[in-house]
Structure formats: structure tokens, C-alpha cells
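Contents: one structure, followed by commentary.
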Protein chains: 2
Amino acid sequence: MNKFLKYGLSLSLAISSLQVIAEEVSFVSDQQRATAEALIENALESDLAYRIVESLTTEIGARMAGTEAEERARVWAKSLGEELGFDRVTVEDFTMPYWNRGEMKVSLISPYEQHLHGTALGGSGASKGSISADVVYFRSINDLKKVKDGDLKGKVAFVDGDKMVKSQTGAGYGPANQRRQIGWQHAERAGAKALLVRSVGSASRRFPHTGMMSSKDGEWAAIPVVALSNPDADQLRRLHALGKKMKVKLKSSAQWKREVSSGNVVMDFIGSEKPEEIVLIAGHLDSWDLGTGAIDDGAGVAITMAAAVLISELPKRPKRTVRVVLFGAEEVGLLGAIAYAEKHAESLKNHVLATESDFGARTVWQLNSNVSKAATLLIDEIGKVLAPLDIVRGGSDVKGGRPDIIPMAAKGVPTIRLSQNGMDYFDFHHTPDDTLDKIIPSELAQNVAAYAATIYLVADSDVEFRRAE
Amino acid sequence: MNKFLKYGLSLSLAISSLQVIAEEVSFVSDQQRATAEALIENALESDLAYRIVESLTTEIGARMAGTEAEERARVWAKSLGEELGFDRVTVEDFTMPYWNRGEMKVSLISPYEQHLHGTALGGSGASKGSISADVVYFRSINDLKKVKDGDLKGKVAFVDGDKMVKSQTGAGYGPANQRRQIGWQHAERAGAKALLVRSVGSASRRFPHTGMMSSKDGEWAAIPVVALSNPDADQLRRLHALGKKMKVKLKSSAQWKREVSSGNVVMDFIGSEKPEEIVLIAGHLDSWDLGTGAIDDGAGVAITMAAAVLISELPKRPKRTVRVVLFGAEEVGLLGAIAYAEKHAESLKNHVLATESDFGARTVWQLNSNVSKAATLLIDEIGKVLAPLDIVRGGSDVKGGRPDIIPMAAKGVPTIRLSQNGMDYFDFHHTPDDTLDKIIPSELAQNVAAYAATIYLVADSDVEFRRAE
């Protein structure tokens with residue numbers, strides 16, 4: 001029998017009917033609501049999350065997946081988790097291939113010399129010495145896709161494109177990302193010596209935006225692939241429009257190295273009545289190497305840890321276990337998330353709900369969900385509790401709870417999403433500018449308030465979140 | 001007899017009396033006012049200035065004083081001036097000492113490794129190999145000033161300080177600049193191997209801010225002096241506050257080289273009645289090497305050239321000569337301005353007025369002056385003509401017309417200043433982020449409108465601008 005049935009609701013009822021019933025059968029008791037409101041108040045007054053992200057970015061700094069710095073971050077996280085009173089803190093190691101950025105330098109050498117602000121994309125090959133070659137301009141990734149095999153022999157391809165569209169939801173990222181992800185396959189097929197692409201990222205600032213490319217049948221680019229900052233790409237576009245012949249010089253020592261270790265840090269506050277049922281909130285511990293990973297994803301680490309700690313300080317633990325997972329190696333392909341889903345394959349059925357904070361530290365503005373119909377009603381009620389934080393209830397069929405949740409969601413774990421305002425996220429994301437100063441303490445605290453109230457109400461509820469098979 | 005007297009005004013009258021008279025004796029005829037208003041309208045509809053700065057930053061790029069790129073800029077300017085119909089375009093060469101940035105790399109190596117975003121300051125010495133040393137932290141330049149001779153032997157000094165205060169007037173620049181200008185003298189006196197300073201500049205972005213240091217009795221720093229970006233300086237401050245021992249590694253090949261050539265480009269539209277009387281408007285042609293010198297000072301080049309060209313297109317030339325000077329080697333010590341004041345020493349007495357646009361491309365918001373009492377009344381009337389552009393009449397005793405005007409102002413040339421809004425100027429100034437995308441075409445056009453109307457009314461007037469000796 002499905003737990004859902006204990007609420008006396010029939011799955012065959014239409015949503016609209018369910019909503020009528022919801023007004024009568026509340027999923028949140030007055031006491032739970034009062035507790036959630038107290039959590040919000042406490043969270044808004046607490047600087048715990050800010051202190052956590054300050055400590056991580058200052059004491060550890062950048063922490064690229066598979067490096068000694070990421071390992072120091074795990075030691076830091078375990079020690080902090082124990083200090084903050086988690087009942088159980090475990091580091092779950094896994095191994096991974098390691099790509100190293102090395103050194104990279106790219107300059108325009110004709111029509112004149114100018115240093116270009118670029119960075120190797122994740123998975124890029126090395127230059128094997130220095131490359132000097134004419135640039136072939138492509139207005140977009142679609143134009144590059146049309147290039148014939150062998151047509152770029154001896155050349156460097158430059159794929160322009162449009163600056164990423166800014167939006168609250170980050171909707172511009174996917175379309176802009178294509179040139180970063182698959183551009184190399186076409187450049188290589190056509191025989192190019194290297195590929196330059198306009199950075200994904202919405203800032204008109206002279207920082208390139210890094211990130212992994214996509215592999216093809218397990219193979220990575222053999223040629224150097226370099227993202228150029230938006231203003232540098234603008235300059236090449238204008239020179240091309242003037243009919244100037246462009247030549248670049250490029251040197252990169254990027255390469256894949258041996259297998260290395262990474263790990264996830266798993267921290268539990270054990271539930272008072274149903275300890276085996278897990279409400280999972282996550283952030284990822286690794287960052288790109290260019291910045292210090294404040295918004296991506298020190299903020300997520302801080303928000304979820306602080307929210308869990310605030311819940312743990314209630315007079316009574318919620319019924320279900322609140323688990324914080326700080327994933328390793330997210331940036332390089334969700335490697336920690338995949339390892340977690342494998343290692344916990346048996347207990348995933350006990351994962352009531354999962355969500356990740358991995359979209360910066362600006363205020364949460366929307367609550368989306370992808371859970372059972374009964375749990376949708378609970379989320380609706382949570383939406384009302386969050387409304388004073390300027391959070392609107394969003395869709396009830398929004399897939400995914402952010403990147404590291406994907407592998408477990410694929411195994412049926414229900415998800416919600418507390419969506420941060422992403423309007424300026426891609427101004428800083430994956431650039432050297434992802435540093436602590438971009439986090440506004442009061443906005444970070446609003447995130448903690450939203451997480452604490454939401455996760456408490458989910459963990460203290462008996463509602464079944466899984467959709468019926 | 002002073003020309004001033006032809007207005008029948010006595011210099012002994014108090015300002016308040018003058019103002020009463022001004023309402024009766026207008027310095028601007030109805031036709032002149034109509035012409036100025038037409039110039040404003042034309043300027044707001046013209047994209048000439050934008051096309052000029054786009055061409056300069058795209059076709060020439062960065063153009064550091066004394067380099068081949070600055071020479072290309074002079075060729076570009078001369079050719080453009082002739083194309084735009086100036087009556088006379090002259091390049092006036094001079095020689096100058098040349099400092100080269102070379103390559104620079106600085107990293108934190110303890111408590112962990114992290115690349116720091118820094119740049120050598122103008123006049124910095126080289127590292128002679130690589131320096132690895134403990135960091136001694138100073139909260140401010142005042143703290144560094146107190147250090148005793150020899151006390152920093154074997155160390156690298158880091159001078160923190162506060163992030164530059166943002167303001168419309170740029171008032172925060174001077175105070176913040178001290179650590180950049182004289183810090184090296186104290187670090188060197190105390191025996192430090194190198195000096196790091198928090199960048200001048202108001203952006204919380206990971207770009208360092210370059211600029212010249214001050215020489216002392218003609219001597220420059222022998223040690224490397226490096227500006228760190230604000231977020232990097234923040235990080236060192238936090239590590240220091242945590243009591244962490246910091247160590248850095250630094251390598252710089254900055255050095256002074258042989259004497260080289262630079263030059264000013266002087267372009268005239270000759271006056272119809274008093275060709276020997278010169279109304280001088282200026283920008284500087286050189287830029288720092290990190291960006292492409294769009295706001296500093298491609299904008300000034302574009303605004304002044306476009307304003308002069310618009311005036312030249314009137315049915316009748318104004319009475320006085322309108323001269324545009326594009327100075328060379330401003331950034332490295334006003335070398336072009338000094339050369340100009342020397343070369344034109346004899347004719348400076350015929351320079352009616354001088355002003356420079358060298359504060360970016362945001363809208364002009366204030367008109368300041370430092371001219372004779374009669375000319376002040378004319379400027380007051382010009383203020384009324386500019387009011388629809390959202391420009392307010394400022395002070396009538398504001399010294400200086402921007403950097404390159406200083407040497408001639410010191411010789412008695414009267415000045416005005418059309419002050420741009422500098423609120424975000426120091427977010428980009430002297431950083432790699434000084435690129436074309438920072439210029440808003442409509443705001444640039446407002447500048448041209450203000451310059452065109454103002455310079456036309458000054459050049460077509462008979463008022464004496466010099467203050468009585």
C-alpha cells in the first residue's frame with residue numbers, strides 16, 4: 001500500500017479537486033508552521049552561512065576536482081561538520097581522471113599584437129610547442145558545423161556567437177554552451193590546429209569563462225580549445241567585419257593526467273522517528289581553479305550546512321533524517337554525484353527528496369517541484385510559508401533539483417528546486433571573478449531561511465514524495 | 001587696453017553687480033544661441049564620435065606611450081584629421097624615456113598556492129630571477145610610512161588600504177593613489193624585496209589597476225612593485241586576520257629602456273576673424289597597455305574631434321581657431337603636454353581657453369570654469385544652453401581643465417571643465433577592462449553635444465578669458 005493513501009486521497013482525483021481538499025486537510029500543522037516561521041527568523045539573523053563560505057574560500061581557496069586543494073576542502077568540511085554537531089560525518093572516496101589546465105597564452109599577432117584574455121576549456125589538448133596561424137572566422141557554432149572535413153588544415157578556427165542572454169532563470173546558458181561543448185569536434189574534423197570560442201557568460205568583462213567540453217565516445221579534444229572573453233571576441237568580430245586578416249599565436253600545456261582521488265562528504269542529522277528516510281540537500285565542494293568558488297559553489301555548501309544546523313537546533317529533531325552531501329568533482333562531469341548514486345543504489349528508495357543549491361547566492365525567488373500529487377500539496381503549503389521571503393510557488397512538474405541531483409533523480413528520487421535569481425550569476429560563474437565579495441550576506445541568509453523552513457517541513461512530514469510507478 | 005573693457009564692465013565691480021548687468025548685456029546673441037542649439041541637436045543624432053573611438057580601439061588597439069602602436073595611432077589620427085577636413089594637421093614629435101611592463105607573475109605559495117591577479121606599476125623594477133619571501137602586512141600606506149630603515153630586509157611588503165570610494169567627481173582617486181605613488185620609497189628604504197599594493201580602482205573585480213608611480217629626485221623603484229586586484233587584496237587581508245603566515249612568489253621583467261619617440265597631433269579649424277586666437281580642446285592618444293584605451297582616452301579623442309568637426313560644418317566658421325590636440329604620452333607623466341607647452345610657449349598668450357576630455361564617456365553633468373569675470377558670465381550663459389542636456393553650472397573658480405592642460409594652465413591659459421559622471425570610471429580605468437563595450441553611444445553623443453555647443457560659443461565670442469594680472 002502506498003503511504004500516500006493514508007491521507008485518504010485518491011490518486012485519480014484531479015489536481016483542482018485536490019486543491020479544494022487541501023484547504024481542509026492541511027499538510028502542515030500549526031505548530032510546524034510556527035516552527036518553520038521561527039527557523040526563518042533565526043536564519044535571517046544568523047551569519048553562519050556567510051562564515052562558512054568565508055572560511056572555505058579564504059582558508060582553502062580554489063579547489064579544483066582531484067587536486068590537493070579539493071582534498072583539503074574535504075578535511076575542512078569533515079572537521080566543520082563535526083564541530084557543528086552533525087551526528088555522522090563520512091567521507092566517501094572515489095577515483096577520477098584528472099585534467100590540468102597548465103599554462104596558456106594567446107595573442108593576436110596580426111593585424112597588430114594584442115594579448116587576448118583566454119583560458120583553456122576543460123578537456124582541451126596541448127599545443128605541442130607554439131602555434132602561429134591564420135584565423136578563420138565563424139559567426140556561430142552552426143556555421144562551424146557546416147565546415148567540410150579537412151577545410152581548416154593549418155588554421156585556427158574562431159567561433160563567435162552572441163553574448164549569453166541574461167535571465168533570472170539562467171535560460172541563456174544552454175544555447176550559448178553549445179559552442180563550448182561540441183565546437184572542438186567540428187574544428188578537429190576539419191583539421192584546425194586550435195579552436196577559439198567566444199566565452200559562455202553574460203559579462204562584458206575581460207574574463208574568459210571556463211567549463212568542461214563534452215567528450216565524444218569517451219574521447220576528448222586533441223587540439224587546444226580556448227574560450228575568449230566577450231570583449232576580446234567583440235574585437236575579433238569587428239576586425240573580421242573590417243576585412244582584416246587575423247593571425248594568432250597560441251601556447252597551451254593543458255593535459256589529462258593520471259587517475260586521482262576525490263570524494264563526497266556526507267553529513268547527517270538523524271531523524272527522530274524515521275531515521276532511515278533521507279531528505280537530502282546538497283552543494284558541491286569542488287570549484288573551478290580560476291576563482292575561489294564562492295558563488296559556485298561555496299554558497300551551496302554554506303546554505304545547506306547552515307540550514308541543517310539551524311534545524312538541528314530545534315527542541316526536537318524532525319522525523320526524517322536531514323542529510324547534507326557536499327559532492328566532489330561536480331564541475332568535471334558530476335563525478336561525485338554518479339559515485340553517490342552508485343554507492344547508495346540500495347538506499348535511494350529511502351531518499352524522500354533531494355535538492356541542491358548550485359546557482360549562486362542571490363535571493364531565492366521561486367519554489368519548483370517534481371513530486372507526488374500529495375507532496376505537491378505539501379509543497380504548495382510550504383510555498384505559503386516562504387511567501388514573506390518574496391518567493392513565489394513555481395511549477396509542480398519541474399524536473400531536476402540541480403546538477404548533482406540528476407543521477408539520483410534518474411533513479412526516481414523526487415526533487416524540488418529553490419531557484420536563486422540568476423540574473424548576474426553568469427557574470428561571475430566559472431571566471432576568476434567568482435570570489436567572496438560577490439556574495440551579499442543578507443541575500444545569503446534569505447537562502448538559508450528558505451532552505452531551513454522547507455527542509456524542516458519536508459523532514460517532519462509523513463507525506464510520500466515518490467510518484468506512483 | 002584689455003579686450004574685456006569693450007563690454008563696458010569695470011573689473012572693480014563685485015560679482016553680484018556683474019550678474020545684474022549680465023542680465024542686461026548678453027554675451028550670447030540670439031543667433032549664436034540658435035546655432036549652439038542646432039549643434040546640440042546635430043551632435044545627439046551623430047554617431048561620428050562612436051565611429052572614431054571604435055576605429056581607434058579596433059584598428060590600433062592598445063597604444064602605450066613610446067611604442068610602435070602609439071606611432072600607428074598618430075598616423076591614424078593625422079590621416080583621419082585630414083579626411084575630416086581640418087585645415088591643418090601637424091604631428092609634433094618629442095622624445096621620452098620608455099618603461100616596459102615585461103612579464104609578471106605573482107602567486108601566494110603559503111598557506112596554499114593561488115595565482116594572484118596583479119600587474120607591475122609604471123616605473124617598477126625587475127625581480128632579477130624569482131623572489132620567494134614572507135609577506136609583511138600593512139593596513140595602510142600610513143603604516144608603511146612608519147616602518148624603520150632595514151626592517152623589511154628579505155621580505156615582501158603588502159600595503160592594503162581601502163577600496164577606492166566611488167563618486168561622481170572621482171574624488172576617491174587621489175587619496176587611494178598614495179599607496180601606488182610613494183609606497184615603493186618606504187618599502188625600498190626598509191629593504192623589502194618587493195612591494196604589493198591594493199589596486200587603486202573601485203571595482204570588486206579581479207583586475208589590477210596599473211598607473212605610474214612617482215619618481216623621487218628623478219629615481220624610480222629598483223624593486224618590483226605590483227598592484228593586486230581588490231578581491232586578491234581582500235583575500236590577503238582575511239588570511240592576515242586569521243593569523244596565517246603568508247608567502248608569495250614573484251617574477252617580473254619590468255624595466256626602463258632607451259629613449260624613444262612620441263608625439264602630439266595638432267589639428268586646427270582656422271578662425272574666420274581672429275585666426276591667431278586659439279580655443280584648445282584635447283584628448284590623449286596614448287593608452288595603457290592592458291586595455292584598448294576606450295574610456296581612457298579614446299573617448300576624449302572622439303568627443304573633441306567630433307565636436308570640432310560639427311562646428312566646422314556650420315555655414316560660417318567661428319571667429320577664433322578651434323584646435324584639437326591629441327596628446328602623446330599622457331599616462332607616463334604628461335610628457336606630450338609638457339612638450340606642447342614648451343614648443344608653444346610664445347603663443348600660449350593667444351590660447352584663449354583650454355580643456356581636455358579625459359574622464360570617460362558617461363554623460364557630462366557639470367560645467368566648471370576658471371576664467372576672467374566677464375568670461376565667467378559667458379560661461380554662465382553657456383550653462384543655460386547646456387541645461388537641457390542635464391548639465392548643471394558648477395564652480396567658477398575650479399582649477400584645471402584635466403591632466404594635459406596642467407602645464408599650459410600653469411602658464412596662465414584659462415580653463416573650463418565639462419565634467420563627466422565618474423561613478424563607474426574607476427571600475428575600468430587602467431585595467432584590461434577599458435574596452436569599447438564600456439561606451440554607451442547615446443552618452444558619448446551627449447558629450448559631443450556639450451563640447452560642440454560650448455566650444456562654438458567660446459570660439460565665436462570676443463570675450464577675453466584671461467584674468468587680469
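Letters A, B, ... mark the chains of the C-alpha cells in the order given; residue numbers begin at 1 per chain; ligand numbers begin at 1, in order shown.
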DSSP-assigned helix (DSSP H, G or I) among segment 335-436 of chain B, expressed as number ranges by chain:
B: 335-343, 345-350, 373-389, 403-409, 425-428, 436
Quick one: write out the picked residues with C-alpha atoms as a CSV table (one decimal), in the first residue's frame?
```csv
chain,number,residue,atom,x,y,z
B,335,LEU,CA,55.1,64.2,-21.4
B,336,GLY,CA,53.1,65.4,-24.5
B,337,ALA,CA,51.5,68.2,-22.6
B,338,ILE,CA,54.9,69.4,-21.3
B,339,ALA,CA,56.4,69.2,-24.8
B,340,TYR,CA,53.4,71.2,-26.1
B,341,ALA,CA,53.7,74.0,-23.5
B,342,GLU,CA,57.4,74.3,-24.3
B,343,LYS,CA,57.1,74.3,-28.0
B,345,ALA,CA,55.5,78.9,-25.1
B,346,GLU,CA,55.4,82.0,-27.3
B,347,SER,CA,51.8,81.6,-28.5
B,348,LEU,CA,50.3,80.4,-25.2
B,349,LYS,CA,49.2,84.0,-24.6
B,350,ASN,CA,46.9,83.6,-27.6
B,373,LYS,CA,34.9,87.6,-14.6
B,374,ALA,CA,33.5,88.6,-17.9
B,375,ALA,CA,34.1,85.2,-19.4
B,376,THR,CA,32.5,83.7,-16.3
B,377,LEU,CA,29.3,85.5,-17.3
B,378,LEU,CA,29.6,83.9,-20.8
B,379,ILE,CA,30.2,80.5,-19.3
B,380,ASP,CA,27.1,81.1,-17.1
B,381,GLU,CA,25.1,81.7,-20.3
B,382,ILE,CA,26.6,78.6,-21.9
B,383,GLY,CA,25.5,76.8,-18.8
B,384,LYS,CA,21.9,77.7,-19.6
B,385,VAL,CA,22.3,76.5,-23.2
B,386,LEU,CA,23.6,73.1,-21.8
B,387,ALA,CA,20.9,72.7,-19.2
B,388,PRO,CA,18.6,70.7,-21.4
B,389,LEU,CA,21.5,68.1,-21.6
B,403,PRO,CA,45.6,66.5,-16.9
B,404,ASP,CA,47.2,67.6,-20.2
B,405,ILE,CA,46.0,71.1,-19.6
B,406,ILE,CA,48.0,71.5,-16.4
B,407,PRO,CA,51.3,72.7,-18.0
B,408,MET,CA,49.6,75.4,-20.0
B,409,ALA,CA,47.3,76.4,-17.2
B,425,TYR,CA,35.1,55.3,-14.3
B,426,PHE,CA,37.5,53.7,-11.9
B,427,ASP,CA,35.8,50.4,-12.3
B,428,PHE,CA,37.5,50.1,-15.7
B,436,LEU,CA,34.9,49.7,-26.4
```
Taking only C-alpha atoms into account, find every residue of chain B that has an atom no more than 10 Å from chain A, and write it out as a CSV table (one decimal) with N, CA and C atoms, in the first residue's frame.
```csv
chain,number,residue,atom,x,y,z
B,54,GLU,N,35.6,53.7,-32.0
B,54,GLU,CA,35.5,52.3,-32.5
B,54,GLU,C,36.7,52.0,-33.4
B,55,SER,N,37.0,52.9,-34.3
B,55,SER,CA,38.1,52.8,-35.2
B,55,SER,C,39.4,52.7,-34.5
B,57,THR,N,40.1,52.0,-31.3
B,57,THR,CA,40.3,50.9,-30.4
B,57,THR,C,40.4,49.6,-31.2
B,58,THR,N,39.7,49.5,-32.3
B,58,THR,CA,39.7,48.3,-33.1
B,58,THR,C,40.9,48.2,-34.0
B,59,GLU,N,41.2,49.3,-34.7
B,59,GLU,CA,42.2,49.2,-35.8
B,59,GLU,C,43.6,49.5,-35.2
B,60,ILE,N,43.7,50.2,-34.1
B,60,ILE,CA,45.0,50.4,-33.4
B,60,ILE,C,45.1,49.5,-32.2
B,61,GLY,N,44.1,49.4,-31.4
B,61,GLY,CA,44.1,48.7,-30.1
B,61,GLY,C,44.9,49.5,-29.1
B,62,ALA,N,45.5,48.7,-28.1
B,62,ALA,CA,46.2,49.4,-27.0
B,62,ALA,C,47.4,50.2,-27.7
B,68,GLU,N,55.4,51.4,-30.9
B,68,GLU,CA,55.1,51.3,-32.3
B,68,GLU,C,53.6,51.5,-32.4
B,69,ALA,N,52.8,51.1,-31.5
B,69,ALA,CA,51.3,51.2,-31.5
B,69,ALA,C,50.9,52.6,-31.4
B,111,PRO,N,49.6,30.2,2.8
B,111,PRO,CA,49.3,28.9,3.3
B,111,PRO,C,48.9,27.9,2.2
B,112,TYR,N,48.7,28.3,1.0
B,112,TYR,CA,48.4,27.4,-0.1
B,112,TYR,C,48.8,28.1,-1.4
B,113,GLU,N,48.8,27.4,-2.5
B,113,GLU,CA,49.1,28.0,-3.8
B,113,GLU,C,47.9,28.7,-4.4
B,114,GLN,N,48.0,29.9,-4.8
B,114,GLN,CA,46.9,30.6,-5.5
B,114,GLN,C,47.5,31.7,-6.4
B,115,HIS,N,47.2,31.7,-7.6
B,115,HIS,CA,47.6,32.7,-8.5
B,115,HIS,C,46.9,34.0,-8.1
B,116,LEU,N,47.7,35.1,-8.0
B,116,LEU,CA,47.2,36.4,-7.6
B,116,LEU,C,47.1,37.3,-8.9
B,117,HIS,N,46.0,38.0,-9.0
B,117,HIS,CA,45.9,38.9,-10.2
B,117,HIS,C,46.5,40.2,-9.9
B,204,SER,N,35.1,45.7,-7.6
B,204,SER,CA,35.4,44.5,-6.9
B,204,SER,C,35.5,43.4,-8.0
B,205,ARG,N,36.4,43.6,-8.9
B,205,ARG,CA,36.7,42.7,-10.0
B,205,ARG,C,38.1,42.3,-9.9
B,206,ARG,N,38.4,41.1,-10.5
B,206,ARG,CA,39.8,40.6,-10.3
B,206,ARG,C,40.8,41.2,-11.3
B,207,PHE,N,40.6,42.5,-11.6
B,207,PHE,CA,41.6,43.1,-12.5
B,207,PHE,C,42.4,44.1,-11.6
B,230,ASN,N,41.4,44.2,-6.2
B,230,ASN,CA,40.7,44.3,-4.9
B,230,ASN,C,40.3,42.9,-4.3
B,231,PRO,N,39.7,42.0,-5.1
B,231,PRO,CA,39.4,40.7,-4.4
B,231,PRO,C,40.7,39.9,-3.9
B,232,ASP,N,41.8,40.1,-4.7
B,232,ASP,CA,43.0,39.4,-4.2
B,232,ASP,C,43.5,40.1,-2.9
B,234,ASP,N,41.6,41.6,-0.8
B,234,ASP,CA,40.7,41.2,0.3
B,234,ASP,C,41.1,39.8,0.9
B,235,GLN,N,41.5,38.9,0.0
B,235,GLN,CA,41.9,37.6,0.4
B,235,GLN,C,43.1,37.7,1.3
B,236,LEU,N,44.1,38.5,0.9
B,236,LEU,CA,45.3,38.6,1.8
B,236,LEU,C,44.9,39.2,3.1
B,237,ARG,N,44.0,40.2,3.1
B,237,ARG,CA,43.6,40.8,4.4
B,237,ARG,C,42.9,39.8,5.3
B,238,ARG,N,42.1,38.9,4.7
B,238,ARG,CA,41.4,37.9,5.5
B,238,ARG,C,42.4,36.9,6.1
B,239,LEU,N,43.3,36.5,5.2
B,239,LEU,CA,44.3,35.5,5.7
B,239,LEU,C,45.1,36.1,6.8
B,242,LEU,N,43.3,36.1,10.0
B,242,LEU,CA,43.2,34.7,10.6
B,242,LEU,C,44.6,34.3,11.2
B,244,LYS,N,47.3,33.8,9.5
B,244,LYS,CA,48.1,32.9,8.6
B,244,LYS,C,49.4,33.5,8.2
B,289,ASP,N,48.6,49.8,-21.6
B,289,ASP,CA,48.7,48.6,-22.5
B,289,ASP,C,47.7,47.5,-22.2
B,290,LEU,N,47.1,47.6,-21.0
B,290,LEU,CA,46.3,46.4,-20.6
B,290,LEU,C,44.9,46.3,-21.3
B,291,GLY,N,44.3,47.5,-21.4
B,291,GLY,CA,43.0,47.5,-22.2
B,291,GLY,C,43.3,48.1,-23.6
B,292,THR,N,42.2,48.6,-24.2
B,292,THR,CA,42.4,49.2,-25.5
B,292,THR,C,42.1,50.7,-25.5
B,428,PHE,N,36.9,50.6,-14.5
B,428,PHE,CA,37.5,50.1,-15.7
B,428,PHE,C,38.9,50.8,-16.0
B,431,THR,N,42.7,49.3,-16.4
B,431,THR,CA,42.6,47.9,-16.3
B,431,THR,C,42.4,47.3,-17.7
B,432,PRO,N,42.5,45.9,-17.8
B,432,PRO,CA,42.2,45.3,-19.1
B,432,PRO,C,40.8,45.5,-19.6
B,433,ASP,N,39.9,46.0,-18.6
B,433,ASP,CA,38.5,46.1,-18.9
B,433,ASP,C,38.2,47.5,-19.6
B,434,ASP,N,39.2,48.3,-19.9
B,434,ASP,CA,38.9,49.6,-20.6
B,434,ASP,C,38.8,49.2,-22.1
B,435,THR,N,37.6,48.8,-22.5
B,435,THR,CA,37.4,48.4,-23.9
B,435,THR,C,36.1,49.1,-24.4
B,436,LEU,N,36.0,49.0,-25.7
B,436,LEU,CA,34.9,49.7,-26.4
B,436,LEU,C,33.5,49.5,-25.8
B,437,ASP,N,33.2,48.2,-25.4
B,437,ASP,CA,31.9,47.9,-24.9
B,437,ASP,C,31.5,48.7,-23.7
B,438,LYS,N,32.4,49.4,-23.0
B,438,LYS,CA,32.0,50.2,-21.9
B,438,LYS,C,31.4,51.6,-22.3
```
Write out as a VMD selection string the residues lying within 9 Å of Asp390 of chain A, counting only C-alpha atoms and excluding same-chain residues fewer than 5 positions away.
chain A and resid 363 to 366
Please report, as a PyMOL selection string, each residue of segment 251-326 of chain B to which DSSP assigns strand (DSSP E or B) when run on this structure's backbone.
chain B and resi 251-252+255-269+274-284+320-326
Take the residues that were just selected and, keeping N, CA and C atoms, output them as a short mmCIF file (atom, residue, chain, number, x, y, z; two decimals), in the first residue's frame.
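Output file result34.cif follows:
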```cif
data_model
loop_
_atom_site.label_atom_id
_atom_site.label_comp_id
_atom_site.auth_asym_id
_atom_site.auth_seq_id
_atom_site.Cartn_x
_atom_site.Cartn_y
_atom_site.Cartn_z
N LYS B 251 57.78 37.12 -9.98
CA LYS B 251 58.76 37.25 -11.04
C LYS B 251 58.31 38.40 -11.94
N SER B 252 59.20 39.32 -12.20
CA SER B 252 58.84 40.46 -13.06
C SER B 252 60.04 40.88 -13.89
N GLN B 255 61.17 46.92 -16.93
CA GLN B 255 62.41 47.70 -16.96
C GLN B 255 62.30 48.96 -17.81
N TRP B 256 63.17 49.91 -17.50
CA TRP B 256 63.31 51.10 -18.32
C TRP B 256 64.18 50.75 -19.51
N LYS B 257 63.80 51.26 -20.69
CA LYS B 257 64.59 51.00 -21.89
C LYS B 257 65.14 52.33 -22.42
N ARG B 258 65.64 52.31 -23.62
CA ARG B 258 66.24 53.53 -24.20
C ARG B 258 65.19 54.62 -24.48
N GLU B 259 65.68 55.81 -24.81
CA GLU B 259 64.80 56.92 -25.22
C GLU B 259 64.07 56.53 -26.51
N VAL B 260 62.82 56.90 -26.59
CA VAL B 260 62.03 56.60 -27.79
C VAL B 260 61.29 57.87 -28.21
N SER B 261 60.57 57.77 -29.33
CA SER B 261 59.81 58.91 -29.84
C SER B 261 58.34 58.83 -29.48
N SER B 262 57.75 59.97 -29.20
CA SER B 262 56.31 60.06 -29.11
C SER B 262 55.93 61.36 -29.83
N GLY B 263 54.68 61.74 -29.77
CA GLY B 263 54.30 62.97 -30.45
C GLY B 263 52.88 63.40 -30.15
N ASN B 264 52.61 64.68 -30.34
CA ASN B 264 51.26 65.22 -30.25
C ASN B 264 50.72 65.44 -31.65
N VAL B 265 49.44 65.24 -31.83
CA VAL B 265 48.82 65.56 -33.12
C VAL B 265 47.95 66.80 -32.92
N VAL B 266 48.24 67.83 -33.68
CA VAL B 266 47.58 69.13 -33.53
C VAL B 266 46.75 69.40 -34.79
N MET B 267 45.46 69.64 -34.60
CA MET B 267 44.57 69.82 -35.76
C MET B 267 43.76 71.10 -35.57
N ASP B 268 43.77 71.94 -36.58
CA ASP B 268 43.08 73.22 -36.47
C ASP B 268 41.96 73.39 -37.48
N PHE B 269 40.87 73.99 -37.00
CA PHE B 269 39.93 74.64 -37.89
C PHE B 269 40.16 76.13 -37.66
N LYS B 274 39.62 85.89 -36.05
CA LYS B 274 40.81 86.02 -35.20
C LYS B 274 41.56 84.70 -35.24
N PRO B 275 42.12 84.37 -36.37
CA PRO B 275 42.73 83.05 -36.55
C PRO B 275 43.86 82.77 -35.55
N GLU B 276 44.47 83.83 -35.03
CA GLU B 276 45.60 83.63 -34.11
C GLU B 276 45.12 83.27 -32.69
N GLU B 277 43.85 83.50 -32.41
CA GLU B 277 43.34 83.16 -31.07
C GLU B 277 42.84 81.73 -31.06
N ILE B 278 43.34 80.97 -30.09
CA ILE B 278 43.13 79.51 -30.11
C ILE B 278 42.25 79.05 -28.95
N VAL B 279 41.21 78.31 -29.29
CA VAL B 279 40.40 77.62 -28.28
C VAL B 279 40.77 76.15 -28.40
N LEU B 280 41.41 75.64 -27.35
CA LEU B 280 42.03 74.31 -27.45
C LEU B 280 41.22 73.25 -26.71
N ILE B 281 40.86 72.21 -27.43
CA ILE B 281 40.21 71.06 -26.78
C ILE B 281 41.08 69.84 -27.04
N ALA B 282 41.14 68.97 -26.04
CA ALA B 282 42.14 67.89 -26.14
C ALA B 282 41.63 66.57 -25.61
N GLY B 283 42.31 65.53 -26.08
CA GLY B 283 42.22 64.19 -25.51
C GLY B 283 43.63 63.65 -25.60
N HIS B 284 43.87 62.45 -25.07
CA HIS B 284 45.22 61.92 -25.30
C HIS B 284 45.15 60.62 -26.07
N ARG B 320 37.27 82.55 -33.70
CA ARG B 320 38.58 82.06 -33.23
C ARG B 320 38.88 80.67 -33.79
N THR B 321 40.13 80.31 -33.77
CA THR B 321 40.56 78.99 -34.23
C THR B 321 40.18 77.92 -33.20
N VAL B 322 39.59 76.84 -33.68
CA VAL B 322 39.31 75.70 -32.80
C VAL B 322 40.42 74.67 -33.05
N ARG B 323 41.16 74.39 -32.01
CA ARG B 323 42.30 73.47 -32.11
C ARG B 323 42.02 72.20 -31.30
N VAL B 324 42.15 71.07 -31.95
CA VAL B 324 42.10 69.79 -31.23
C VAL B 324 43.54 69.30 -31.08
N VAL B 325 43.95 69.03 -29.85
CA VAL B 325 45.27 68.42 -29.65
C VAL B 325 45.07 67.03 -29.08
N LEU B 326 45.66 66.05 -29.78
CA LEU B 326 45.67 64.68 -29.25
C LEU B 326 47.06 64.45 -28.71
#
```
Check the smallest atom-to-atom distance from each of B:Gly85, B:Gly122, B:Gly300, B:Gly412 to Val53 of chain B using only C-alpha atoms, then report the winner.
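For Val53 of chain B, the nearest of the candidates is B:Gly300.
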Show me, as a list of chain:residue names, the residues that have an atom within 9 Å of Asn177 of chain B when counting only C-alpha atoms, minus same-chain residues fewer than 2 positions from it.
B:Met164, B:Gly172, B:Tyr173, B:Gly174, B:Pro175, B:Arg179, B:Arg180, B:Gln181, B:Ile182, B:Ser199, B:Val200, B:Gly201
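Nearest residue to Glu330 of chain B, choosing from B:Leu121, B:Ala241, B:Ile109, B:Met64 and counting only C-alpha atoms: B:Met64.
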